[in-house]
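Trainee: Below is entry-v7.cif; it holds mmCIF, C-alpha atoms.
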data_data
#
loop_
_atom_site.label_atom_id
_atom_site.label_comp_id
_atom_site.auth_asym_id
_atom_site.auth_seq_id
_atom_site.Cartn_x
_atom_site.Cartn_y
_atom_site.Cartn_z
CA MET A 768 -14.70 -9.73 16.42
CA SER A 769 -16.86 -6.89 15.21
CA PHE A 770 -17.61 -5.36 11.85
CA GLN A 771 -15.45 -2.39 12.86
CA TYR A 772 -12.54 -4.79 13.25
CA TRP A 773 -12.91 -6.74 9.99
CA PHE A 774 -14.29 -4.08 7.62
CA PRO A 775 -10.99 -2.14 7.30
CA LEU A 776 -9.17 -5.36 6.39
CA ALA A 777 -11.80 -6.24 3.79
CA LEU A 778 -11.56 -2.71 2.38
CA VAL A 779 -7.74 -2.86 2.16
CA VAL A 780 -7.79 -6.30 0.51
CA THR A 781 -10.53 -5.39 -1.96
CA ALA A 782 -8.92 -2.05 -2.84
CA ASN A 783 -5.51 -3.71 -3.25
CA VAL A 784 -6.89 -6.25 -5.69
CA GLY A 785 -8.46 -3.43 -7.69
CA TYR A 786 -5.25 -1.42 -7.42
CA HIS A 787 -3.13 -4.16 -8.97
CA ILE A 788 -5.62 -4.91 -11.73
CA VAL A 789 -5.76 -1.21 -12.66
CA ALA A 790 -1.96 -0.85 -12.47
CA LYS A 791 -1.50 -3.90 -14.70
CA GLU A 792 -4.11 -2.63 -17.19
CA THR A 793 -2.75 0.94 -17.38
CA ASN A 794 -1.86 1.57 -21.00
CA PRO A 795 1.91 1.11 -21.42
CA ALA A 796 1.86 3.90 -24.01
CA ALA A 797 0.63 6.37 -21.38
CA PRO A 798 3.47 8.27 -19.71
CA PRO A 799 3.56 6.95 -16.13
CA PHE A 800 3.70 10.36 -14.47
CA LEU A 801 0.74 11.62 -16.52
CA ALA A 802 -1.24 8.54 -15.47
CA LEU A 803 -0.24 9.18 -11.85
CA ALA A 804 -1.09 12.89 -12.13
CA VAL A 805 -4.62 12.03 -13.28
CA THR A 806 -4.83 9.43 -10.53
CA TYR A 807 -3.81 11.95 -7.89
CA PHE A 808 -6.11 14.62 -9.30
CA VAL A 809 -9.07 12.28 -8.85
CA SER A 810 -7.76 11.31 -5.39
CA PHE A 811 -7.33 14.96 -4.41
CA PHE A 812 -10.84 15.80 -5.59
CA LEU A 813 -12.43 12.89 -3.70
CA CYS A 814 -10.48 13.63 -0.51
CA ALA A 815 -11.22 17.36 -0.71
CA MET A 816 -14.94 16.71 -1.19
CA ALA A 817 -15.01 14.25 1.71
CA TYR A 818 -13.16 16.74 3.91
CA LEU A 819 -15.48 19.60 2.96
CA ALA A 820 -18.51 17.42 3.70
CA SER A 821 -17.22 16.85 7.23
CA ASP A 822 -17.57 19.23 10.14
CA HIS A 823 -13.84 19.94 10.25
CA SER A 824 -12.18 23.33 9.99
CA LEU A 825 -9.12 23.80 7.79
CA SER A 826 -7.77 26.56 10.03
CA ARG A 827 -8.01 24.22 13.03
CA ASP A 828 -6.89 21.04 11.28
CA LEU A 829 -3.98 22.24 9.15
CA PRO A 830 -1.66 22.88 12.14
CA ALA A 831 -2.24 19.27 13.26
CA LEU A 832 -0.38 17.99 10.21
CA ASN A 833 3.32 17.24 10.45
CA TRP A 834 6.10 16.02 8.19
CA THR A 835 4.34 12.71 7.59
CA SER A 836 1.76 14.01 5.09
CA PRO A 837 4.19 15.33 2.44
CA VAL A 838 6.56 12.38 2.97
CA TRP A 839 3.60 10.00 2.64
CA GLY A 840 2.80 11.68 -0.68
CA LEU A 841 6.34 11.07 -1.93
CA ILE A 842 6.21 7.46 -0.80
CA LEU A 843 2.85 6.82 -2.47
CA VAL A 844 4.11 8.17 -5.79
CA ALA A 845 7.23 5.97 -5.49
CA ILE A 846 5.13 2.87 -4.76
CA GLU A 847 2.73 3.47 -7.62
CA PHE A 848 5.48 4.37 -10.07
CA GLY A 849 7.32 1.23 -8.99
CA TYR A 850 4.31 -0.98 -9.61
CA LEU A 851 3.75 0.57 -13.04
CA LEU A 852 7.39 -0.17 -13.86
CA LEU A 853 7.11 -3.73 -12.49
CA TYR A 854 4.12 -4.53 -14.68
CA ARG A 855 5.64 -2.81 -17.72
CA ALA A 856 8.79 -4.87 -17.19
CA GLY A 857 6.67 -8.01 -17.57
CA TRP A 858 6.01 -9.08 -13.99
CA LYS A 859 2.87 -11.17 -13.57
CA VAL A 860 0.06 -9.69 -11.50
CA SER A 861 -0.07 -12.99 -9.59
CA THR A 862 3.52 -12.76 -8.35
CA ALA A 863 4.65 -9.12 -8.40
CA SER A 864 2.46 -8.09 -5.48
CA LEU A 865 3.20 -11.30 -3.58
CA ILE A 866 6.96 -10.88 -3.74
CA ALA A 867 6.83 -7.13 -3.11
CA ASN A 868 4.47 -7.46 -0.15
CA LEU A 869 6.39 -10.38 1.35
CA SER A 870 9.59 -8.34 1.08
CA VAL A 871 7.86 -5.39 2.74
CA ALA A 872 6.46 -7.65 5.48
CA ILE A 873 9.90 -9.08 6.25
CA LEU A 874 11.44 -5.62 6.44
CA LEU A 875 8.58 -4.40 8.64
CA ILE A 876 9.16 -7.30 11.01
CA GLY A 877 12.64 -5.92 11.56
CA VAL A 878 11.26 -2.38 11.95
CA GLY A 879 8.64 -3.62 14.41
CA VAL A 880 11.11 -5.59 16.52
CA LEU A 881 13.95 -3.03 16.47
CA GLY A 882 12.05 0.25 16.25
CA TYR A 883 8.79 -0.42 18.06
CA LYS A 884 9.90 -3.14 20.50
CA GLU A 885 7.36 -5.64 19.17
CA ILE A 886 7.84 -9.26 20.19
CA LEU A 887 8.47 -11.90 17.52
CA LEU A 888 7.14 -15.24 18.68
CA PRO A 889 8.52 -18.61 17.51
CA LYS A 890 5.25 -19.40 15.71
CA GLN A 891 5.63 -16.14 13.75
CA VAL A 892 9.17 -17.12 12.75
CA ILE A 893 7.74 -20.42 11.47
CA GLY A 894 5.13 -18.44 9.52
CA ILE A 895 7.84 -16.29 7.94
CA ILE A 896 9.80 -19.39 6.95
CA LEU A 897 6.69 -20.94 5.41
CA CYS A 898 5.98 -17.75 3.44
CA LEU A 899 9.53 -17.74 2.10
CA ALA A 900 9.23 -21.42 1.23
CA GLY A 901 5.99 -20.66 -0.63
CA VAL A 902 7.71 -18.03 -2.76
CA PHE A 903 10.53 -20.49 -3.43
CA PHE A 904 8.06 -23.13 -4.61
CA LEU A 905 6.32 -20.61 -6.86
CA HIS A 906 9.57 -20.12 -8.74
CA ILE A 907 10.88 -23.70 -9.18
#
Is it possible to express this structure as structure tokens?
Mentor:
Amino acid sequence: MSFQYWFPLALVVTANVGYHIVAKETNPAAPPFLALAVTYFVSFFLCAMAYLASDHSLSRDLPALNWTSPVWGLILVAIEFGYLLLYRAGWKVSTASLIANLSVAILLIGVGVLGYKEILLPKQVIGIILCLAGVFFLHI
């Protein structure tokens, strides 16, 4: 497998680790939506600069957007607000992400099978069972 195959995974994993450390370390005294507003201001600035540095044209590219971009924005705020609340409620950084991501993965298996006609193989079912068993053993 090539660099182009593995690099995105490494980026997602590395960024997710940083994400959870930063979310856990966000000052509990800071209002969550102010923290998120600053976060999104920095994100907007970085994305706008990267877009402007490209050879794209806003007049050509804007019509290519659909409902997914604003809905994605709503979803991202909900995820980040949720993680801030999880950590402020006392969840451990070592388990909050694990349980949340396992829950998401299980739901997405259903979405993949029912909505996208993906095939669930017996070995994948065994993997799901082992993941659930792992979470069980983390909590006994």
Trainee: Which distance in Å separates atom CA of Pro775 of chain A and atom CA of Ile842 of chain A, to one decimal?
Mentor: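 It comes out at 21.3 Å.
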Trainee: Residues within 12 Å of Leu869 of chain A, please, as a list of chain:residue names. Count only C-alpha atoms; anything in the same chain fewer than 2 positions from it doesn't count.
Mentor: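 Close residues of Leu869 of chain A: A:Thr862, A:Ala863, A:Ser864, A:Leu865, A:Ile866, A:Ala867, A:Val871, A:Ala872, A:Ile873, A:Leu874, A:Leu875, A:Ile876, A:Gly894, A:Ile895, A:Ile896, A:Leu897, A:Cys898, A:Leu899, A:Ala900, A:Gly901, A:Val902, A:Phe903.
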Trainee: For segment 838-847 of chain A, take all atoms listed in the file, fit an axis-aligned box around them, add 3 Å to each of the six sides, then output centre and edge lengths in Å rounded to one decimal, as JSON.
Mentor:
{"center_x": 5.0, "center_y": 7.6, "center_z": -2.3, "size_x": 10.5, "size_y": 15.5, "size_z": 16.6}
Trainee: Work out how far atom CA of Leu905 of chain A is from atom CA of Gly849 of chain A, in Å to one decimal.
Mentor: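 It comes out at 22.0 Å.
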Trainee: Provide the atom CA of Ile788 of chain A to atom CA of Leu843 of chain A distance in Å, to one decimal place.
Mentor: 17.2 Å
